[in-house]
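Please read the structure below before turning to the comments.
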Amino acid sequence: MNERTIGTAYDFCVIGGGIVGVATAHQILTRNPGASLVLLEKARELATHQTGHNSGVIHSGIYYPPNSLKATLCRRGAQWTKDFAAAHGIPYQVCGKLLVATDHAEYARMLALHERSITNGVTVELIDAAELARREPRITGAGALFVPDTGIIDFTRVTTALAEEVRAAGGEFVLGAEIVTLTETADVVTAAGPAGSWTARRLVVCAGLQSDRMARAAGLRTDFRIVPFRGEYYQLPPERTGLVSTLIYPIPDPGLPFLGVHLSPTIDGALTVGPNAVLGLAREGYRKGSFDAEDARDVLGFPGFHRVARANVRTGLRELRNSLFKRGYLAQCRRYCPELTLADLLPREAGIRAQAVLRDGTLVHDFMIEHTERSVHLLNAPSPAATSAMPIAEHIVDQL
């Protein structure tokens, strides 16, 4: 580890110990060997929030608008993730994904998605109902898109391996370090909170669920809020884990930022169902009914949220109903897997998606990055941020 004089500034400070924050620290030290760096994480462990509460899918980049950051960085990130896992002995599996159309409207959207996938340079195969039934006998649909390069992995293990390399390169980690103020001068930035203060010449903030608060602390744009959406999952019984051999996704609704309830084999041998998307009133509360007064005020007092709510009343009510009553949730799954029953839906911990919403009610679909003279802030990084972590880090460090 680099020797430093007490009171002197680090060369770099990174706030946020999810996979993107750790990848950014890794990229900084790769480009600046010998530099001093400290990574600050509010939680007592790395990868506690979005990194550790997702489907574990290595995405292919099929969904995203051509030339968007998501489209370009996801493709690069998928290959980097597989290569890094192979080099570090981290288990992963390229099982492929089927996006299943269950009616005429979805079939039309599927054809449009097929065209987008070609534009995005994603390998994809259009198959009919008979071929779908041959490949996945328990799944029904009018047709499907098969994406062979989609995989599954444990992103927490990827984060841990990256962190080990950051430490080996001299980087320091401070856990339990909540940051509440950021003070920038012409020469340095100081991050401070109850656990202490840290000063650096350059700062990167990858704060996920807290990114809007960190942006306000830095004096950046305040025309958006992070709205937390709970993604509730179920897990199928062990005897049902062989139900499918690939990931099974619905055709996404282009008017919504979420991919819909899907069947996901996991790298540890489970088979999960989910997630849905219901408003969360606690950014870091994973239990159903979790409530945090400050988090609730931030969302409910923001005009942009009210505009989103008015524009999506029917969808919001449906998601809430399906969260409260398991039969509605089951009905979504049975559209493409009709043999599932209520007894198949066993409890599994939820995830929380950090979704940036602008004051005018616009949902921010792409990654969003802004900067000051001495800091770079990743303001919006929902899925596929885990897949895209290293290319996002490279993009951040280019700006830094």
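Residue numbering restarts at 1 for every chain of the structure tokens, chains are lettered A, B, ... in their displayed order, and ligands are numbered from 1 as they appear.
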Can you list, as a ChimeraX atom specification, every residue of range 138-330 of chain A that DSSP puts in alpha helix (DSSP H)? /A:155-168,211-217,293-300,303-311,313-324,326-330
message = Could you list, as a PyMOL selection string, every residue within 10 Å of range 28-41 of chain A, counting only C-alpha atoms and ignoring same-chain residues fewer than 3 positions away?
response = chain A and resi 1-4+9-18+21-25+44-48+163+165-167+169-179+191+198-207+393-394+396-398+400
One residue among A:Val189, A:Cys333, A:Met214, A:Val244 is nearest to Pro275 in chain A when using only C-alpha atoms, and that residue is A:Cys333
Exercise. Please provide the set of residues having any atom within 12 Å of Ile127 in chain A, restricted to only C-alpha atoms, with same-chain residues fewer than 4 positions apart removed, written as a PyMOL selection string.
Key: chain A and resi 98-101+107+110-111+114+131-136+141-147
The residue from A:Leu363, A:Leu69, A:Ala350, A:Ala161 with the smallest atom-to-atom distance to Asn312 in chain A, counting only C-alpha atoms, is A:Leu363
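One distance worth recording is that between CA of Asn380 in chain A and CA of Tyr233 in chain A, which is 22.7 Å.
With only C-alpha atoms as the atoms that count, the minimum distance from Arg213 in chain A to the choices A:Ile226, A:Ala192, A:Leu346, A:Ala87 is reached by A:Ile226.
As for CA of Asp187 in chain A and CA of Ala168 in chain A, they are spaced 27.7 Å apart.
Checking A:Lys326, A:Arg374, A:Arg314, A:Arg225 one by one against Thr185 in chain A, counting only C-alpha atoms, you find the shortest gap at A:Arg374.
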Q: Name all residues at most 9 Å from Asn54 in chain A (count only C-alpha atoms; drop same-chain ones fewer than 6 positions away) and give them as an NGL selection string.
A: :A and (155 or 231 or 275 or 350-353 or 383 or 386)
Those same residues - C-alpha atoms - I'd like them written as a PDB file, in the first residue's frame.
ATOM      1  CA  PHE A 155     -21.722 -10.137  -9.665  1.00  0.00           C
ATOM      2  CA  GLY A 231     -38.179  -5.605  -7.573  1.00  0.00           C
ATOM      3  CA  PRO A 275     -38.845  -8.981 -10.617  1.00  0.00           C
ATOM      4  CA  ALA A 350     -36.180  -8.295  -3.122  1.00  0.00           C
ATOM      5  CA  GLY A 351     -33.940  -5.882  -4.999  1.00  0.00           C
ATOM      6  CA  ILE A 352     -34.263  -2.109  -5.333  1.00  0.00           C
ATOM      7  CA  ARG A 353     -33.683  -0.324  -8.627  1.00  0.00           C
ATOM      8  CA  SER A 383     -29.543  -2.463 -15.407  1.00  0.00           C
ATOM      9  CA  ALA A 386     -23.484  -4.656 -13.561  1.00  0.00           C
TER      10      ALA A 386
END
- Message: Let's see if you can do this: from backbone DSSP, list all strand (DSSP E) residues in range 178-359 of chain A, as a ChimeraX atom specification.
- Response: /A:181-184,189-193,196-205,224-235,247-250,262-265,271-274,278-279,346-358
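The residue that comes closest to Gln50 in chain A, out of A:Thr156, A:Thr241, A:Gln93, A:Thr315 and on the basis of only C-alpha atoms, is A:Thr156.
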Q.
Report as an MDAnalysis selection string all protein, DNA and RNA residues lying within 10 Å of Cys337 in chain A, evaluated on only C-alpha atoms, omitting residues in the same chain fewer than 5 positions from it.
A. chainID A and resid 136:141 243:244 248 263 330:332
Go ahead and save the residues from that selection, with N, CA, C and O atoms, as a tab-separated table (two decimals), in the first residue's frame.
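Final output, saved to again.tsv:
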chain	number	residue	atom	x	y	z
A	136	GLU	N	-37.91	-25.50	-25.43
A	136	GLU	CA	-38.38	-25.36	-24.04
A	136	GLU	C	-39.80	-25.89	-23.96
A	136	GLU	O	-40.77	-25.13	-24.08
A	137	PRO	N	-39.99	-27.18	-23.74
A	137	PRO	CA	-41.32	-27.78	-23.79
A	137	PRO	C	-42.30	-27.21	-22.76
A	137	PRO	O	-43.52	-27.32	-22.97
A	138	ARG	N	-41.82	-26.62	-21.69
A	138	ARG	CA	-42.72	-26.10	-20.65
A	138	ARG	C	-43.13	-24.65	-20.90
A	138	ARG	O	-43.89	-24.08	-20.13
A	139	ILE	N	-42.62	-24.06	-21.99
A	139	ILE	CA	-42.89	-22.66	-22.30
A	139	ILE	C	-43.78	-22.59	-23.54
A	139	ILE	O	-43.57	-23.30	-24.52
A	140	THR	N	-44.78	-21.70	-23.49
A	140	THR	CA	-45.69	-21.53	-24.63
A	140	THR	C	-45.62	-20.10	-25.14
A	140	THR	O	-45.45	-19.16	-24.36
A	141	GLY	N	-45.77	-19.94	-26.45
A	141	GLY	CA	-45.76	-18.60	-27.04
A	141	GLY	C	-45.96	-18.67	-28.54
A	141	GLY	O	-45.89	-19.75	-29.15
A	243	LEU	N	-36.93	-26.79	-14.74
A	243	LEU	CA	-38.10	-26.46	-15.56
A	243	LEU	C	-37.70	-25.91	-16.93
A	243	LEU	O	-38.32	-26.21	-17.95
A	244	VAL	N	-36.67	-25.07	-16.96
A	244	VAL	CA	-36.17	-24.49	-18.21
A	244	VAL	C	-34.66	-24.59	-18.23
A	244	VAL	O	-34.01	-24.71	-17.19
A	248	ILE	N	-35.85	-17.11	-19.50
A	248	ILE	CA	-37.11	-16.88	-20.20
A	248	ILE	C	-37.62	-15.49	-19.83
A	248	ILE	O	-37.93	-15.23	-18.66
A	263	LEU	N	-38.17	-15.78	-15.86
A	263	LEU	CA	-37.62	-16.97	-15.22
A	263	LEU	C	-36.11	-16.95	-15.41
A	263	LEU	O	-35.63	-16.90	-16.54
A	330	LEU	N	-48.46	-14.45	-10.19
A	330	LEU	CA	-48.42	-15.75	-10.86
A	330	LEU	C	-48.99	-15.67	-12.27
A	330	LEU	O	-48.47	-16.30	-13.21
A	331	ALA	N	-50.06	-14.88	-12.44
A	331	ALA	CA	-50.70	-14.78	-13.75
A	331	ALA	C	-49.73	-14.25	-14.80
A	331	ALA	O	-49.79	-14.68	-15.97
A	332	GLN	N	-48.83	-13.33	-14.44
A	332	GLN	CA	-47.84	-12.84	-15.39
A	332	GLN	C	-46.91	-13.97	-15.84
A	332	GLN	O	-46.57	-14.06	-17.02
